[in-house]
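Containing mmCIF, C-alpha atoms: protein-v3.cif.
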data_work
#
loop_
_atom_site.label_atom_id
_atom_site.label_comp_id
_atom_site.auth_asym_id
_atom_site.auth_seq_id
_atom_site.Cartn_x
_atom_site.Cartn_y
_atom_site.Cartn_z
CA VAL A 1 -17.90 -6.73 12.11
CA HIS A 2 -15.07 -9.24 11.79
CA SER A 3 -16.68 -11.88 9.59
CA SER A 4 -15.21 -12.96 6.26
CA VAL A 5 -15.16 -10.14 3.71
CA GLY A 6 -17.94 -11.66 1.63
CA ALA A 7 -20.29 -11.37 4.63
CA HIS A 8 -19.45 -7.76 5.55
CA TYR A 9 -22.24 -6.20 3.50
CA THR A 10 -24.95 -8.44 4.96
CA ASN A 11 -23.67 -8.14 8.52
CA CYS A 12 -23.32 -4.35 8.35
CA ARG A 13 -26.78 -4.03 6.84
CA GLU A 14 -28.31 -6.18 9.58
CA ALA A 15 -26.55 -4.16 12.27
CA LEU A 16 -27.65 -0.81 10.83
CA ALA A 17 -31.23 -2.09 10.41
CA ALA A 18 -31.17 -3.03 14.10
CA GLY A 19 -30.19 0.54 15.01
CA CYS A 20 -26.51 -0.14 15.72
CA HIS A 21 -23.46 1.93 14.99
CA VAL A 22 -20.88 -0.13 13.07
CA SER A 23 -17.12 -0.62 13.12
CA VAL A 24 -16.14 -2.98 10.29
CA ALA A 25 -12.86 -4.60 9.24
CA LYS A 26 -11.25 -3.69 5.91
CA PRO A 27 -12.11 -4.04 3.07
CA PHE A 28 -15.58 -3.23 4.29
CA VAL A 29 -17.51 -4.31 1.18
CA ASP A 30 -16.84 -6.08 -2.10
CA GLN A 31 -18.73 -3.66 -4.38
CA ILE A 32 -18.94 0.14 -4.41
CA SER A 33 -22.72 -0.04 -4.84
CA GLN A 34 -22.89 -1.98 -1.56
CA GLY A 35 -20.76 0.64 0.16
CA ARG A 36 -22.95 3.48 -1.08
CA GLU A 37 -26.06 1.67 0.11
CA LEU A 38 -24.61 1.19 3.61
CA VAL A 39 -23.43 4.81 3.82
CA GLU A 40 -26.88 6.06 2.86
CA MET A 41 -28.53 3.63 5.28
CA ALA A 42 -26.33 4.87 8.10
CA ARG A 43 -26.96 8.51 7.21
CA THR A 44 -30.73 8.04 7.03
CA GLY A 45 -30.76 6.18 10.34
CA GLY A 46 -28.48 8.67 12.10
CA ARG A 47 -25.80 6.03 12.64
CA PHE A 48 -22.03 5.91 12.16
CA ILE A 49 -20.17 3.30 10.14
CA SER A 50 -16.37 3.39 10.25
CA VAL A 51 -13.73 1.14 8.68
CA GLN A 52 -10.87 -0.33 10.68
CA GLN A 53 -7.96 0.87 8.54
CA THR A 54 -5.49 0.22 11.34
CA ALA A 55 -2.49 1.02 9.11
CA ARG A 56 -3.28 4.70 9.70
CA TYR A 57 -2.24 4.20 13.32
CA GLY A 58 1.22 3.64 14.78
CA ARG A 59 3.91 4.12 12.14
CA GLY A 60 1.29 5.49 9.77
CA GLU A 61 0.61 8.38 12.16
CA ARG A 62 4.30 9.07 12.67
CA ILE A 63 4.96 9.23 8.92
CA LYS A 64 2.00 11.60 8.60
CA ARG A 65 3.62 13.90 11.19
CA TRP A 66 7.00 13.80 9.38
CA ILE A 67 5.20 14.90 6.22
CA GLU A 68 3.25 17.67 7.92
CA ASP A 69 6.19 19.11 9.90
CA GLY A 70 8.32 19.49 6.75
CA THR A 71 10.79 16.68 7.46
CA VAL A 72 9.82 14.92 4.22
CA GLY A 73 8.10 17.74 2.39
CA GLN A 74 5.26 17.31 -0.08
CA PRO A 75 5.11 13.63 -1.17
CA ARG A 76 5.82 13.18 -4.87
CA TYR A 77 6.42 9.47 -5.40
CA ALA A 78 6.14 6.18 -3.53
CA HIS A 79 6.95 2.59 -4.35
CA SER A 80 5.82 -0.51 -2.46
CA ALA A 81 7.02 -4.05 -3.10
CA PHE A 82 5.49 -7.10 -1.42
CA PHE A 83 6.80 -10.66 -1.54
CA ARG A 84 4.62 -13.14 0.34
CA ASP A 85 4.37 -16.91 0.53
CA ARG A 86 0.71 -17.72 1.12
CA TRP A 87 0.83 -21.39 0.14
CA HIS A 88 0.91 -22.55 3.73
CA ASP A 89 -2.55 -21.12 4.51
CA LEU A 90 -4.02 -21.29 1.02
CA ALA A 91 -6.70 -23.86 1.94
CA ASP A 92 -8.08 -21.57 4.66
CA TYR A 93 -8.10 -18.61 2.29
CA GLN A 94 -9.92 -20.50 -0.47
CA ARG A 95 -12.49 -21.91 1.97
CA GLU A 96 -13.27 -18.69 3.84
CA GLU A 97 -12.86 -15.79 1.40
CA ASN A 98 -14.15 -14.90 -2.02
CA TRP A 99 -12.33 -11.55 -1.96
CA PRO A 100 -9.01 -11.64 -3.85
CA ALA A 101 -6.24 -11.80 -1.28
CA ILE A 102 -4.10 -9.37 -3.25
CA ASN A 103 -6.76 -6.66 -3.32
CA ALA A 104 -7.47 -7.05 0.38
CA THR A 105 -3.87 -6.01 0.96
CA LEU A 106 -3.76 -3.24 -1.63
CA ILE A 107 -6.74 -1.41 -0.18
CA HIS A 108 -4.81 -0.96 3.07
CA LEU A 109 -1.86 0.47 1.13
CA VAL A 110 -4.02 2.75 -1.02
CA ASP A 111 -5.96 4.02 1.99
CA ARG A 112 -2.82 4.84 3.93
CA MET A 113 -1.25 6.66 0.97
CA ARG A 114 -4.41 8.74 0.65
CA PHE A 115 -4.16 9.44 4.39
CA TRP A 116 -0.59 10.69 3.91
CA ILE A 117 -0.97 12.77 0.75
CA GLY A 118 -4.47 14.12 1.43
CA LYS A 119 -5.68 13.53 -2.13
CA PRO A 120 -7.72 10.87 -3.93
CA PHE A 121 -6.29 8.73 -6.73
CA VAL A 122 -7.78 9.56 -10.12
CA ARG A 123 -6.24 7.10 -12.62
CA THR A 124 -4.43 3.80 -12.65
CA ALA A 125 -2.86 1.12 -14.81
CA PHE A 126 -2.28 -2.45 -13.57
CA LYS A 127 -1.21 -5.71 -15.09
CA GLY A 128 -2.16 -9.00 -13.50
CA ILE A 129 0.31 -11.76 -14.28
CA GLN A 130 -1.17 -15.24 -14.24
CA THR A 131 1.06 -18.31 -14.14
CA PRO A 132 0.24 -22.02 -14.57
CA TRP A 133 1.21 -22.75 -10.97
CA SER A 134 -0.90 -19.97 -9.43
CA PRO A 135 -3.56 -21.43 -7.12
CA TYR A 136 -5.43 -18.12 -6.74
CA ARG A 137 -8.69 -17.05 -8.27
CA ASP A 138 -7.03 -13.76 -9.17
CA PRO A 139 -3.50 -13.29 -10.59
CA GLY A 140 -0.78 -14.26 -8.16
CA VAL A 141 1.42 -11.34 -9.24
CA VAL A 142 0.34 -7.75 -9.94
CA THR A 143 2.24 -4.60 -10.86
CA GLY A 144 1.09 -1.11 -11.70
CA TRP A 145 0.59 2.45 -10.53
CA TRP A 146 -1.93 5.01 -9.29
CA GLU A 147 -1.80 8.75 -9.98
CA ALA A 148 -3.18 11.22 -7.44
CA GLU A 149 -5.44 14.17 -8.17
CA GLY A 150 -3.49 17.06 -9.66
CA GLY A 151 -0.78 14.81 -11.11
CA GLY A 152 1.75 15.62 -8.38
CA PHE A 153 2.02 12.16 -6.81
CA LEU A 154 2.50 8.66 -8.20
CA LEU A 155 2.35 5.35 -6.32
CA SER A 156 3.89 2.29 -7.98
CA VAL A 157 3.37 -1.25 -6.72
CA PHE A 158 4.73 -4.74 -7.22
CA GLN A 159 3.13 -7.57 -5.31
CA SER A 160 3.65 -11.32 -5.51
CA TYR A 161 1.85 -14.02 -3.58
CA LEU A 162 3.83 -16.67 -5.43
CA ALA A 163 7.31 -15.65 -4.36
CA LYS A 164 9.16 -18.41 -2.53
CA VAL A 165 10.45 -16.16 0.21
CA THR A 166 11.53 -17.60 3.52
CA THR A 167 8.74 -18.46 5.93
CA ASP A 168 10.94 -17.61 8.92
CA PRO A 169 8.74 -15.16 10.89
CA ARG A 170 11.71 -12.84 11.31
CA PHE A 171 11.73 -12.17 7.57
CA HIS A 172 8.27 -13.07 6.25
CA PRO A 173 6.47 -11.45 4.61
CA PHE A 174 9.07 -9.19 3.03
CA GLU A 175 7.99 -5.69 2.13
CA HIS A 176 9.92 -2.64 1.03
CA HIS A 177 8.52 0.88 0.91
CA HIS A 178 9.98 4.15 -0.34
CA LEU A 179 8.25 7.54 -0.02
CA GLN A 180 9.92 10.47 -1.79
CA GLY A 181 9.10 14.05 -0.85
CA ASP A 182 10.33 17.47 -1.94
CA VAL A 183 12.78 17.60 0.97
CA ALA A 184 13.73 14.00 1.78
CA ALA A 185 12.68 10.38 1.38
CA LEU A 186 11.62 7.70 3.82
CA SER A 187 12.59 4.05 3.37
CA TRP A 188 11.52 1.02 5.42
CA SER A 189 11.19 -2.72 4.96
CA GLY A 190 9.55 -5.85 6.39
CA PRO A 191 8.51 -8.20 7.80
CA TRP A 192 5.08 -6.57 7.92
CA GLU A 193 7.05 -3.40 7.04
CA GLN A 194 8.06 -3.02 10.69
CA GLY A 195 11.82 -2.95 10.14
CA PRO A 196 14.03 0.11 10.67
CA LEU A 197 12.85 3.35 9.06
CA TYR A 198 15.43 5.66 7.48
CA LEU A 199 15.40 9.26 6.32
CA LEU A 200 17.37 9.97 3.14
CA ALA A 201 17.86 13.73 3.07
CA SER A 202 19.54 15.91 0.47
CA GLY A 203 22.99 16.94 1.55
CA GLU A 204 23.42 14.13 4.07
CA THR A 205 26.06 11.52 3.28
CA ALA A 206 24.24 8.56 4.80
CA PRO A 207 20.65 7.56 5.66
CA ARG A 208 19.55 8.70 9.10
CA LEU A 209 17.78 6.18 11.34
CA LEU A 210 14.47 7.68 12.46
CA GLU A 211 12.93 4.62 14.01
CA GLN A 212 14.40 1.25 14.94
CA GLY A 213 11.21 -0.63 14.15
CA GLY A 214 9.09 -3.27 15.78
CA SER A 215 5.44 -4.18 15.57
CA ASP A 216 2.79 -1.62 16.42
CA ASN A 217 0.39 -2.60 19.18
CA GLU A 218 -2.67 -4.02 17.40
CA ASP A 219 -4.67 -4.28 20.61
CA ASP A 220 -4.08 -0.58 21.24
CA ALA A 221 -5.13 0.24 17.67
CA ARG A 222 -8.39 -1.68 18.00
CA LEU A 223 -9.14 0.01 21.32
CA ARG A 224 -8.57 3.41 19.74
CA LEU A 225 -10.86 2.50 16.85
CA LEU A 226 -13.71 1.61 19.19
CA ASN A 227 -13.06 4.62 21.42
CA SER A 228 -13.29 6.82 18.34
CA LEU A 229 -16.70 5.36 17.54
CA ARG A 230 -17.74 5.83 21.17
CA ASP A 231 -16.71 9.51 21.07
CA ALA A 232 -18.57 10.04 17.80
CA ILE A 233 -21.72 8.59 19.37
CA ARG A 234 -21.48 10.39 22.71
CA PHE A 235 -19.84 13.69 21.82
CA GLY A 236 -20.42 14.16 18.10
CA SER A 237 -16.74 13.96 17.13
CA ALA A 238 -15.75 12.63 13.72
CA PRO A 239 -15.47 8.83 13.58
CA PHE A 240 -12.20 7.24 12.46
CA CYS A 241 -12.12 6.51 8.72
CA PRO A 242 -15.83 6.92 7.92
CA ALA A 243 -17.12 4.49 5.32
CA GLU A 244 -17.81 7.22 2.76
CA ASP A 245 -14.09 8.08 2.85
CA ASN A 246 -13.05 4.44 2.54
CA ILE A 247 -15.15 4.11 -0.62
CA LEU A 248 -12.54 6.33 -2.32
CA SER A 249 -9.87 3.74 -1.51
CA LEU A 250 -12.14 0.92 -2.68
CA ALA A 251 -12.77 2.76 -5.96
CA ALA A 252 -9.02 3.04 -6.63
CA VAL A 253 -8.62 -0.72 -6.16
CA LYS A 254 -11.66 -1.51 -8.32
CA ALA A 255 -10.28 0.73 -11.09
CA ALA A 256 -7.00 -1.22 -10.89
CA GLU A 257 -9.00 -4.44 -11.33
CA LEU A 258 -10.65 -2.98 -14.43
CA SER A 259 -7.25 -2.04 -15.82
CA ALA A 260 -5.83 -5.52 -15.20
CA ARG A 261 -8.81 -7.14 -16.93
CA ARG A 262 -8.18 -4.88 -19.93
CA GLY A 263 -4.55 -5.90 -20.18
CA GLY A 264 -3.03 -2.91 -18.39
CA MET A 265 -4.92 -0.04 -20.01
CA VAL A 266 -5.08 3.28 -18.16
CA VAL A 267 -8.41 3.57 -16.32
CA GLU A 268 -9.96 6.63 -14.69
CA VAL A 269 -10.95 5.86 -11.11
CA ALA A 270 -14.26 7.64 -11.74
CA GLU A 271 -15.24 4.73 -14.00
CA ALA A 272 -15.32 2.43 -10.97
CA PHE A 273 -18.30 4.42 -9.65
CA LEU A 274 -20.40 3.82 -12.78
#
Encoding of this model in structure tokens:
Amino acid sequence: VHSSVGAHYTNCREALAAGCHVSVAKPFVDQISQGRELVEMARTGGRFISVQQTARYGRGERIKRWIEDGTVGQPRYAHSAFFRDRWHDLADYQREENWPAINATLIHLVDRMRFWIGKPFVRTAFKGIQTPWSPYRDPGVVTGWWEAEGGGFLLSVFQSYLAKVTTDPRFHPFEHHHLQGDVAALSWSGPWEQGPLYLLASGETAPRLLEQGGSDNEDDARLRLLNSLRDAIRFGSAPFCPAEDNILSLAAVKAAELSARRGGMVVEVAEAFL
């Protein structure tokens, strides 16, 4: 399913009703209740529904290995900053999507962080900053944080769709990410966060280059996604990013929306399920 986000629920429901297995682009639904309905429908019909969280592949996989092999240690803190100029394709966005562009990006970030730390997020606080020149339905700038289960990991975020950053494809969009573990930290930047990746380790006098950078192969990622669904169907293996798992990422984003609407109050992610 690669329709606009607002059509995902209907398209997935039609496919499951027709007896199909489903691979759907992220974010796979707009409302948690819709996601639960589709998960139950798939389970009752003996079908798989997986979400195409491609950020888990490529660099996402390599960072996961550096965490698991002790290079980084247990993640404790991460910060992600996004500066994007979306004015040039704003008309297409407003015509085709009713999903807030900011949240469509954040769910990819939240899902990948959950993939790395192995825990769900349990509380959040976000502030949406609206400006007179913002053309978006939702705030054009957001900042806030999520706390993981157990209190041992915090993710902070700043994201602006109003920043007048250069539109030169070599630099746009600009992103910077920092992941701090018990042993060392990883740091990497854009565009599309595919710049050089450095390890900042205790006792070392300078950052160590782990990876020069460059775009991951999206065609390869999509092929792996579909092959994963094929293997689940034919051999009973676990599908990539099952929808019931992705609902946990959706809930974290929805809780952040609740917080922003309440002026930045701390919100328990569990409230998003009510």
Contacts of Gly181 (chain A) within 6 Å, all atoms listed in the file, excl. fewer than 5 positions in-chain, as a ChimeraX atom specification = /A:72-76
Residue members of the PyMOL selection byres ((chain A and resi 12) around 8) in the file shown, as a VMD selection string: chain A and resid 1 8 to 11 13 to 16 22 24 38
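Among the candidates A:Ser228, A:Thr44, A:Ser259, A:Gln53, the one nearest to Ala125 (chain A) when counting all atoms listed in the file is A:Ser259.
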message: Let me make sure I understand: among A:Ser33, A:Ser23, A:Ser4, A:Ser215, which one has the smallest atom-to-atom distance to Ala251 (chain A) if we use all atoms listed in the file?
response: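 Among A:Ser33, A:Ser23, A:Ser4, A:Ser215, it is A:Ser33 that comes nearest to Ala251 (chain A).
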Margin query: Which residues, named as in the file, does the PyMOL selection byres ((chain A and resi 148-157) around 6) pick out? Answer as JSON, numbers by chain.
Written below: {"A": [76, 77, 78, 79, 80, 81, 120, 121, 122, 143, 144, 145, 146, 147, 158]}
Go ahead and find all residues with at least one atom no further than 7 Å from (-14.4, -4.9, 7.4) in the file's coordinates, using only C-alpha atoms; report them as a CSV table (one decimal) with C-alpha atoms, in the frame of the given file.
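Below is the file out03.csv, written as the result:
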chain,number,residue,atom,x,y,z
A,1,VAL,CA,-17.9,-6.7,12.1
A,2,HIS,CA,-15.1,-9.2,11.8
A,5,VAL,CA,-15.2,-10.1,3.7
A,8,HIS,CA,-19.4,-7.8,5.6
A,24,VAL,CA,-16.1,-3.0,10.3
A,25,ALA,CA,-12.9,-4.6,9.2
A,26,LYS,CA,-11.2,-3.7,5.9
A,27,PRO,CA,-12.1,-4.0,3.1
A,28,PHE,CA,-15.6,-3.2,4.3
A,29,VAL,CA,-17.5,-4.3,1.2
A,51,VAL,CA,-13.7,1.1,8.7
A,52,GLN,CA,-10.9,-0.3,10.7
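Restricting the calculation to only C-alpha atoms, the smallest distance between Pro191 (chain A) and any of A:Gly236, A:Gly118, A:Gly58, A:Gly214 is found for A:Gly214.
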| query | Which one of A:Ala184, A:Ala201, A:Val266, A:Ile247 sits closest to Ile67 (chain A) if you count all atoms listed in the file? | reply |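 The shortest atom-to-atom distance to Ile67 (chain A) comes from A:Ala184.
Going from CA of Phe273 (chain A) to CA of His108 (chain A) covers 19.3 Å.
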Take the PyMOL selection byres ((chain A and resi 82) around 9), run it mentally on this structure, and tell me the resulting residues as a list of chain:residue names.
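Checked against the file, the PyMOL selection byres ((chain A and resi 82) around 9) matches A:Ser80, A:Ala81, A:Phe83, A:Arg84, A:Val157, A:Phe158, A:Gln159, A:Ser160, A:Tyr161, A:Pro173, A:Phe174, A:Glu175, A:His176, A:His177, A:Gly190.
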Based on the selection just made, write C-alpha atoms of those residues as an mmCIF file, in the coordinates of the input.
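Result went into part_34.cif, see below:
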data_model
loop_
_atom_site.group_PDB
_atom_site.id
_atom_site.type_symbol
_atom_site.label_atom_id
_atom_site.label_comp_id
_atom_site.auth_asym_id
_atom_site.auth_seq_id
_atom_site.Cartn_x
_atom_site.Cartn_y
_atom_site.Cartn_z
ATOM 1 C CA SER A 80 5.820 -0.510 -2.460
ATOM 2 C CA ALA A 81 7.020 -4.050 -3.100
ATOM 3 C CA PHE A 83 6.800 -10.660 -1.540
ATOM 4 C CA ARG A 84 4.620 -13.140 0.340
ATOM 5 C CA VAL A 157 3.370 -1.250 -6.720
ATOM 6 C CA PHE A 158 4.730 -4.740 -7.220
ATOM 7 C CA GLN A 159 3.130 -7.570 -5.310
ATOM 8 C CA SER A 160 3.650 -11.320 -5.510
ATOM 9 C CA TYR A 161 1.850 -14.020 -3.580
ATOM 10 C CA PRO A 173 6.470 -11.450 4.610
ATOM 11 C CA PHE A 174 9.070 -9.190 3.030
ATOM 12 C CA GLU A 175 7.990 -5.690 2.130
ATOM 13 C CA HIS A 176 9.920 -2.640 1.030
ATOM 14 C CA HIS A 177 8.520 0.880 0.910
ATOM 15 C CA GLY A 190 9.550 -5.850 6.390
#
Could you model N, CA and C atoms for region 17-40 of chain A and present them as a tab-separated table (two decimals), in the frame of the given file?
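Okay, this is what ended up in part.tsv:
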chain	number	residue	atom	x	y	z
A	17	ALA	N	-29.77	-1.93	10.35
A	17	ALA	CA	-31.23	-2.09	10.41
A	17	ALA	C	-31.70	-2.27	11.85
A	18	ALA	N	-30.82	-2.83	12.69
A	18	ALA	CA	-31.17	-3.03	14.10
A	18	ALA	C	-30.90	-1.78	14.93
A	19	GLY	N	-30.43	-0.72	14.30
A	19	GLY	CA	-30.19	0.54	15.01
A	19	GLY	C	-28.80	0.67	15.61
A	20	CYS	N	-27.87	-0.16	15.16
A	20	CYS	CA	-26.51	-0.14	15.72
A	20	CYS	C	-25.60	0.80	14.94
A	21	HIS	N	-24.62	1.34	15.65
A	21	HIS	CA	-23.46	1.93	14.99
A	21	HIS	C	-22.53	0.78	14.63
A	22	VAL	N	-21.67	0.99	13.59
A	22	VAL	CA	-20.88	-0.13	13.07
A	22	VAL	C	-19.41	0.24	12.93
A	23	SER	N	-18.55	-0.65	13.40
A	23	SER	CA	-17.12	-0.62	13.12
A	23	SER	C	-16.81	-1.91	12.38
A	24	VAL	N	-16.28	-1.80	11.15
A	24	VAL	CA	-16.14	-2.98	10.29
A	24	VAL	C	-14.70	-3.11	9.80
A	25	ALA	N	-14.21	-4.34	9.72
A	25	ALA	CA	-12.86	-4.60	9.24
A	25	ALA	C	-12.73	-4.23	7.77
A	26	LYS	N	-11.50	-3.99	7.33
A	26	LYS	CA	-11.25	-3.69	5.91
A	26	LYS	C	-11.02	-4.98	5.16
A	27	PRO	N	-11.30	-4.99	3.84
A	27	PRO	CA	-12.11	-4.04	3.07
A	27	PRO	C	-13.58	-4.21	3.45
A	28	PHE	N	-14.29	-3.10	3.62
A	28	PHE	CA	-15.58	-3.23	4.29
A	28	PHE	C	-16.69	-3.78	3.41
A	29	VAL	N	-16.55	-3.68	2.10
A	29	VAL	CA	-17.51	-4.31	1.18
A	29	VAL	C	-16.75	-4.79	-0.06
A	30	ASP	N	-17.43	-5.57	-0.87
A	30	ASP	CA	-16.84	-6.08	-2.10
A	30	ASP	C	-17.15	-5.18	-3.29
A	31	GLN	N	-18.29	-4.48	-3.25
A	31	GLN	CA	-18.73	-3.66	-4.38
A	31	GLN	C	-19.02	-2.23	-3.91
A	32	ILE	N	-18.70	-1.26	-4.75
A	32	ILE	CA	-18.94	0.14	-4.41
A	32	ILE	C	-20.43	0.40	-4.20
A	33	SER	N	-21.27	-0.24	-5.00
A	33	SER	CA	-22.72	-0.04	-4.84
A	33	SER	C	-23.17	-0.47	-3.44
A	34	GLN	N	-22.57	-1.55	-2.92
A	34	GLN	CA	-22.89	-1.98	-1.56
A	34	GLN	C	-22.45	-0.94	-0.54
A	35	GLY	N	-21.26	-0.38	-0.75
A	35	GLY	CA	-20.76	0.64	0.16
A	35	GLY	C	-21.64	1.87	0.18
A	36	ARG	N	-22.07	2.32	-1.00
A	36	ARG	CA	-22.95	3.48	-1.08
A	36	ARG	C	-24.28	3.22	-0.36
A	37	GLU	N	-24.80	2.02	-0.55
A	37	GLU	CA	-26.06	1.67	0.11
A	37	GLU	C	-25.92	1.73	1.63
A	38	LEU	N	-24.82	1.19	2.16
A	38	LEU	CA	-24.61	1.19	3.61
A	38	LEU	C	-24.39	2.61	4.13
A	39	VAL	N	-23.65	3.42	3.41
A	39	VAL	CA	-23.43	4.81	3.82
A	39	VAL	C	-24.75	5.56	3.89
A	40	GLU	N	-25.59	5.38	2.88
A	40	GLU	CA	-26.88	6.06	2.86
A	40	GLU	C	-27.78	5.53	3.97
